[in-house]
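First up is the structure itself, then whatever we jot down about it.
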Amino acid sequence: MTVLRDSFQRRINYLRISVTDRCNLRCIYCMPPEGIPLMPHSEILSYEEISLVLRVGAKLGINKIRLTGGEPLVRVGVPRLVRMLSQIKGIDEVSLTTNGTLLKRYALELKQAGLSRINISLDTLKGDRFRRITRFGELGDVLFGIEAARGAGLRPVKINMVVMRGINDDEVQDFAKMTYEEGWHVRFIELMPFADVAELVPSSEVRQRIMSFGKLEPCSPVTGNGPAVYYRLPGAEGTMGFISPVTEPFCSNCNRMRLTSNGRLCPCLLSEDYVDLKEVLRGSASPQELERLILKAIASKPERHHLADGIVSIKQNMSQIGG
């Protein structure tokens with residue numbers, strides 16, 4: 001297999017692909033209450049264009065992809081895209097991040113199309129609080145979606161909780177209990193400073209709170225090779241991961257690039273730099289030209305972000321860049 005490296009000798013093998021900027025929720029850390037100006041559908045990459053980018057990327061060394069949004073399942077035909085991408089030579093894993101509200105309808109179809117596994121964003125286990133955080137979602141839809149995903153064989157199902165002080169941090173232990181009671185694989189994520197909605201809770205503090213249940217035992221991830229550091233409580237079937245982009249940055253091991261729904265290949269979530277692939281895709285560019293642009297984007301990947309220095313250069317909402 002070809003090994004693709006950036007200018008700092010980090011292996012790049014993971015591409016996050018945003019398939020839409022639309023979402024059926026308005027989570028407080030992701031979108032303003034009124035939503036965002038939506039791109040016309042003509043500006044969004046077609047499934048065939050996404051597939052072409054990935055075919056070139058796979059030859060260079062990309063072997064894992066994750067579909068994101070917005071909310072990817074609001075776009076019509078996502079199972080068809082999963083089938084297209086999972087059949088590309090060299091792609092070992094196709095996963096998806098979702099808010100879970102539509103999973104009851106699509107989980108089995110996604111599994112049959114070739115989806116490897118799924119991450120579900122869930123920030124509270126309380127119905128009234130869920131409506132406040134998402135602005136109008138229903139917790140029951142997500143819980144049904146989790147069970148549908150597990151029933152379809154999309155395992156492991158990972159649950160992503162963004163921890164926000166004064167909003168949901170009092171539920172950290174409740175989520176930890178779910179690794180015992182339901183075998184959930186929970187990942188606690190530090191709040192990114194994109195929206196001034198709450199104070200982040202450092203992962204070190206979250207771990208300290210959970211240790212009231214018992215000693216955290218370091219463990220290997222159940223699957224994947226992302227930035228989380230994993231632990232297990234004694235006797236628990238599930239695991240807990242901690243993703244700490246602010247207080248414990250993982251830039252030195254970053255293996256990913258991001259493709260936005262309108263065709264921008266971004267080397268870093270926290271950078272305004274990108275290479276526009278849409279213009280070339282729609283100008284009937286050769287695979288060689290596409291390869292050149294992908295390599296150009298990878299070469300521009302910065303050594304690190306500057307969140308710890310209080311510098312946030314990006315001005316877009318999370319829903320516009322795929323999280």
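By convention here, the chains of the structure tokens are called A, B, ... in the order presented, each chain's residues are numbered starting at 1, and ligands are numbered starting at 1 in the order presented.
Excluding Ile50 of chain A itself and any same-chain residue fewer than 6 positions from it, the protein and nucleic acid residues within 9 Å of it, counting only C-alpha atoms, are Ile17, Val19, Leu81, Leu85, Leu259 and Gly263 of chain A.
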How would the residues just chosen look if you wrote them out with C-alpha atoms as an mmCIF file, in the first residue's frame?
```cif
data_model
loop_
_atom_site.group_PDB
_atom_site.id
_atom_site.type_symbol
_atom_site.label_atom_id
_atom_site.label_comp_id
_atom_site.auth_asym_id
_atom_site.auth_seq_id
_atom_site.Cartn_x
_atom_site.Cartn_y
_atom_site.Cartn_z
ATOM 1 C CA ILE A 17 -16.232 14.000 3.661
ATOM 2 C CA VAL A 19 -21.953 15.550 2.008
ATOM 3 C CA LEU A 81 -22.919 6.916 -1.896
ATOM 4 C CA LEU A 85 -17.278 4.470 -1.909
ATOM 5 C CA LEU A 259 -13.460 17.579 2.012
ATOM 6 C CA GLY A 263 -15.454 20.734 -2.824
#
```
Hey, could you make a per-residue contact list for segment 76-194 of chain A against segment 216-237 of chain A with 7 Å as the cut-off, showing the nearest pair of atoms and its distance in Å to one decimal, counting only C-alpha atoms, sorted by chain and number, as JSON lines?
```
{"residue": "A:Thr179", "atom": "CA", "partner": "A:Ala236", "partner_atom": "CA", "distance": 5.8}
{"residue": "A:Tyr180", "atom": "CA", "partner": "A:Ala236", "partner_atom": "CA", "distance": 4.6}
{"residue": "A:Gly183", "atom": "CA", "partner": "A:Glu237", "partner_atom": "CA", "distance": 4.9}
```
- For Glu48 of chain A, list every protein, DNA or RNA residue within 12 Å, evaluated using only C-alpha atoms, and leave out those in the same chain fewer than 6 positions away; present the list as a ChimeraX atom specification. /A:19,54-55,80-85,278,281-282
Using N, CA and C atoms, can you export the residues from the last selection as a compact mmCIF listing (two decimals), in the first residue's frame?
```txt
# COMPACT_ATOMS: atom_id res chain seq x y z
N VAL A 19 -21.10 15.73 3.19
CA VAL A 19 -21.95 15.55 2.01
C VAL A 19 -23.05 16.61 1.91
N LEU A 54 -12.19 10.35 -4.29
CA LEU A 54 -11.73 9.26 -3.44
C LEU A 54 -10.97 8.20 -4.23
N ARG A 55 -11.35 7.98 -5.47
CA ARG A 55 -10.60 7.00 -6.28
C ARG A 55 -9.15 7.45 -6.44
N ARG A 80 -26.60 5.02 -1.24
CA ARG A 80 -26.00 4.80 -2.57
C ARG A 80 -24.56 5.28 -2.60
N LEU A 81 -24.29 6.41 -1.95
CA LEU A 81 -22.92 6.92 -1.90
C LEU A 81 -22.05 5.95 -1.10
N VAL A 82 -22.56 5.44 0.01
CA VAL A 82 -21.80 4.48 0.81
C VAL A 82 -21.41 3.27 -0.05
N ARG A 83 -22.36 2.78 -0.84
CA ARG A 83 -22.07 1.63 -1.70
C ARG A 83 -20.98 1.97 -2.73
N MET A 84 -21.08 3.14 -3.32
CA MET A 84 -20.09 3.57 -4.31
C MET A 84 -18.69 3.63 -3.70
N LEU A 85 -18.58 4.24 -2.51
CA LEU A 85 -17.28 4.47 -1.91
C LEU A 85 -16.69 3.19 -1.34
N LYS A 278 -13.58 21.60 -6.68
CA LYS A 278 -14.80 21.61 -7.49
C LYS A 278 -14.57 22.18 -8.88
N LEU A 281 -12.92 19.54 -10.92
CA LEU A 281 -13.82 18.41 -11.16
C LEU A 281 -14.83 18.74 -12.26
N ARG A 282 -15.27 19.99 -12.28
CA ARG A 282 -16.29 20.36 -13.26
C ARG A 282 -15.69 20.91 -14.55
```
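Picture a line from atom CA of Ser252 of chain A to atom CA of Ser7 of chain A; it runs 11.8 Å.
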- Task: Identify, with DSSP run on backbone atoms, the residues in segment 26-103 of chain A assigned to strand (DSSP E), and express the list as a ChimeraX atom specification.
- Result: /A:64-68,93-98
- Message: What's around Arg132 of chain A at 12 Å? Count only C-alpha atoms, leave out sequence neighbours fewer than 4 positions away in its own chain, and write the answer as a PyMOL selection string.
- Response: chain A and resi 25-29+33+123-124+126-128+136-139+167-168
- Going by DSSP on the backbone, which bits of segment 53-252 of chain A are helix (DSSP H, G or I)? Write them as a ChimeraX atom specification, please. /A:53-60,72-74,78-86,103-113,127-134,139-151,169-181,203-213,251-252
Would you mind exporting C-alpha atoms of the selected residues as a CSV table (one decimal), in the first residue's frame?
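That gives us again28.csv:
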```csv
chain,number,residue,atom,x,y,z
A,53,VAL,CA,-11.9,12.4,-5.6
A,54,LEU,CA,-11.7,9.3,-3.4
A,55,ARG,CA,-10.6,7.0,-6.3
A,56,VAL,CA,-7.6,9.3,-6.8
A,57,GLY,CA,-7.1,9.6,-3.0
A,58,ALA,CA,-7.2,5.8,-2.5
A,59,LYS,CA,-4.4,5.4,-5.1
A,60,LEU,CA,-2.3,7.9,-3.1
A,72,PRO,CA,-25.5,13.5,6.3
A,73,LEU,CA,-28.7,11.5,6.4
A,74,VAL,CA,-30.8,14.5,5.3
A,78,VAL,CA,-26.6,8.5,1.1
A,79,PRO,CA,-26.7,4.7,1.2
A,80,ARG,CA,-26.0,4.8,-2.6
A,81,LEU,CA,-22.9,6.9,-1.9
A,82,VAL,CA,-21.8,4.5,0.8
A,83,ARG,CA,-22.1,1.6,-1.7
A,84,MET,CA,-20.1,3.6,-4.3
A,85,LEU,CA,-17.3,4.5,-1.9
A,86,SER,CA,-17.0,1.1,-0.2
A,103,LEU,CA,-31.1,6.2,11.9
A,104,LYS,CA,-34.2,4.1,12.7
A,105,ARG,CA,-35.1,4.5,9.0
A,106,TYR,CA,-31.7,4.1,7.4
A,107,ALA,CA,-29.5,1.9,9.7
A,108,LEU,CA,-30.1,-1.5,8.0
A,109,GLU,CA,-29.9,0.0,4.5
A,110,LEU,CA,-26.6,1.7,5.4
A,111,LYS,CA,-25.2,-1.6,6.7
A,112,GLN,CA,-26.2,-3.5,3.6
A,113,ALA,CA,-24.6,-0.8,1.4
A,127,GLY,CA,-35.5,14.9,27.1
A,128,ASP,CA,-36.1,18.6,28.0
A,129,ARG,CA,-32.4,19.3,28.0
A,130,PHE,CA,-32.0,17.6,24.6
A,131,ARG,CA,-34.6,20.0,23.2
A,132,ARG,CA,-32.7,23.0,24.6
A,133,ILE,CA,-29.3,21.9,23.2
A,134,THR,CA,-30.7,20.9,19.8
A,139,LEU,CA,-34.3,12.4,22.5
A,140,GLY,CA,-36.4,9.4,21.7
A,141,ASP,CA,-35.6,9.5,18.0
A,142,VAL,CA,-31.9,9.2,18.8
A,143,LEU,CA,-32.3,6.4,21.4
A,144,PHE,CA,-34.3,4.5,18.8
A,145,GLY,CA,-31.6,5.2,16.3
A,146,ILE,CA,-28.9,3.8,18.5
A,147,GLU,CA,-30.8,0.6,18.9
A,148,ALA,CA,-31.5,0.4,15.2
A,149,ALA,CA,-27.8,0.8,14.5
A,150,ARG,CA,-26.9,-1.9,16.9
A,151,GLY,CA,-29.6,-4.2,15.6
A,169,ASP,CA,-21.4,18.5,32.5
A,170,ASP,CA,-23.5,17.2,35.4
A,171,GLU,CA,-24.3,14.1,33.2
A,172,VAL,CA,-20.7,12.9,32.7
A,173,GLN,CA,-21.2,10.2,35.2
A,174,ASP,CA,-24.5,9.2,33.7
A,175,PHE,CA,-22.8,8.6,30.4
A,176,ALA,CA,-20.1,6.7,32.1
A,177,LYS,CA,-22.7,4.4,33.7
A,178,MET,CA,-23.9,3.5,30.2
A,179,THR,CA,-20.7,1.7,29.5
A,180,TYR,CA,-21.8,-0.7,32.2
A,181,GLU,CA,-25.5,-0.7,31.7
A,203,SER,CA,-10.7,16.1,29.7
A,204,SER,CA,-8.6,15.8,32.8
A,205,GLU,CA,-11.5,17.1,34.9
A,206,VAL,CA,-14.0,14.7,33.2
A,207,ARG,CA,-11.7,11.8,33.9
A,208,GLN,CA,-11.4,12.8,37.6
A,209,ARG,CA,-15.2,12.9,38.0
A,210,ILE,CA,-15.6,9.4,36.4
A,211,MET,CA,-12.9,8.0,38.7
A,212,SER,CA,-15.5,8.0,41.5
A,213,PHE,CA,-16.8,4.8,39.9
A,251,CYS,CA,-1.7,17.5,16.1
A,252,SER,CA,1.6,15.6,16.0
```
Any chance you could tabulate, as a Markdown table, the residues of segment 205-276 of chain A at most 9 Å from segment 296-307 of chain A with each one's nearest atom pair and distance in Å to one decimal, using only C-alpha atoms, in chain and rising number order?
```
| residue | atom | partner | partner_atom | distance |
| --- | --- | --- | --- | --- |
| A:Pro245 | CA | A:Leu307 | CA | 8.0 |
| A:Val246 | CA | A:Leu307 | CA | 5.8 |
| A:Thr247 | CA | A:Leu307 | CA | 8.5 |
| A:Pro249 | CA | A:His305 | CA | 8.4 |
| A:Phe250 | CA | A:Arg304 | CA | 8.5 |
| A:Cys251 | CA | A:Arg304 | CA | 5.2 |
| A:Ser252 | CA | A:Glu303 | CA | 7.2 |
| A:Met257 | CA | A:Ile298 | CA | 7.6 |
| A:Leu265 | CA | A:Ala297 | CA | 6.7 |
| A:Cys266 | CA | A:Ala297 | CA | 6.9 |
| A:Pro267 | CA | A:Lys301 | CA | 4.7 |
| A:Cys268 | CA | A:Lys301 | CA | 6.4 |
| A:Leu269 | CA | A:His305 | CA | 8.8 |
| A:Leu270 | CA | A:His305 | CA | 6.4 |
| A:Ser271 | CA | A:His305 | CA | 7.7 |
| A:Asp273 | CA | A:Ser300 | CA | 8.0 |
| A:Tyr274 | CA | A:Ala297 | CA | 6.6 |
| A:Val275 | CA | A:Ala297 | CA | 5.8 |
```
Next, write the just-selected residues to a file, as an mmCIF file, in the first residue's frame, keeping C-alpha atoms as the atom set.
```
data_model
loop_
_atom_site.group_PDB
_atom_site.id
_atom_site.type_symbol
_atom_site.label_atom_id
_atom_site.label_comp_id
_atom_site.auth_asym_id
_atom_site.auth_seq_id
_atom_site.Cartn_x
_atom_site.Cartn_y
_atom_site.Cartn_z
ATOM 1 C CA PRO A 245 -8.219 19.212 20.988
ATOM 2 C CA VAL A 246 -7.757 22.221 23.275
ATOM 3 C CA THR A 247 -5.995 21.006 26.426
ATOM 4 C CA PRO A 249 -3.787 18.577 21.334
ATOM 5 C CA PHE A 250 -3.031 15.631 19.077
ATOM 6 C CA CYS A 251 -1.699 17.532 16.067
ATOM 7 C CA SER A 252 1.565 15.568 15.997
ATOM 8 C CA MET A 257 -7.915 15.798 5.689
ATOM 9 C CA LEU A 265 -10.058 20.095 0.502
ATOM 10 C CA CYS A 266 -8.975 21.388 3.911
ATOM 11 C CA PRO A 267 -5.731 20.272 5.547
ATOM 12 C CA CYS A 268 -6.848 21.281 9.057
ATOM 13 C CA LEU A 269 -10.183 21.885 10.756
ATOM 14 C CA LEU A 270 -8.774 25.026 12.354
ATOM 15 C CA SER A 271 -7.289 26.662 9.291
ATOM 16 C CA ASP A 273 -6.433 27.248 3.993
ATOM 17 C CA TYR A 274 -7.930 24.938 1.384
ATOM 18 C CA VAL A 275 -7.585 23.739 -2.182
#
```
- Mind checking which residues fall within 9 Å of Glu93 of chain A, counting only C-alpha atoms, ignoring those fewer than 6 positions away in the same chain, and posting them as a PyMOL selection string? chain A and resi 63-66+86+114-117+224
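Proximity ranking of A:Gly241, A:Pro202, A:Gly61, A:Gly153 relative to Val186 of chain A places A:Gly241 first, based on only C-alpha atoms.
With distances restricted to only C-alpha atoms, A:Glu182 is the closest residue to Lys158 of chain A from A:Glu43, A:Glu272, A:Glu279, A:Glu182.
Checking A:Ile118, A:Leu200, A:Val94, A:Ile44 one by one against Leu154 of chain A, counting only C-alpha atoms, you find the shortest gap at A:Ile118.
Among the candidate residues A:His41, A:Arg10, A:Arg187, A:Arg256, the one lying nearest to Ile62 of chain A is A:Arg256, with distances computed using only C-alpha atoms.
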- Message: What's the separation between atom CA of Ala195 of chain A and atom CA of Pro37 of chain A, in Å to one decimal place?
- Response: 16.8 Å
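Relative to atom CA of Leu45 of chain A, atom CA of Arg264 of chain A is found at 9.8 Å.
Closest approach to Met192 of chain A among A:Gln9, A:Gly214, A:Cys30, A:Asn262: A:Cys30, based on only C-alpha atoms.
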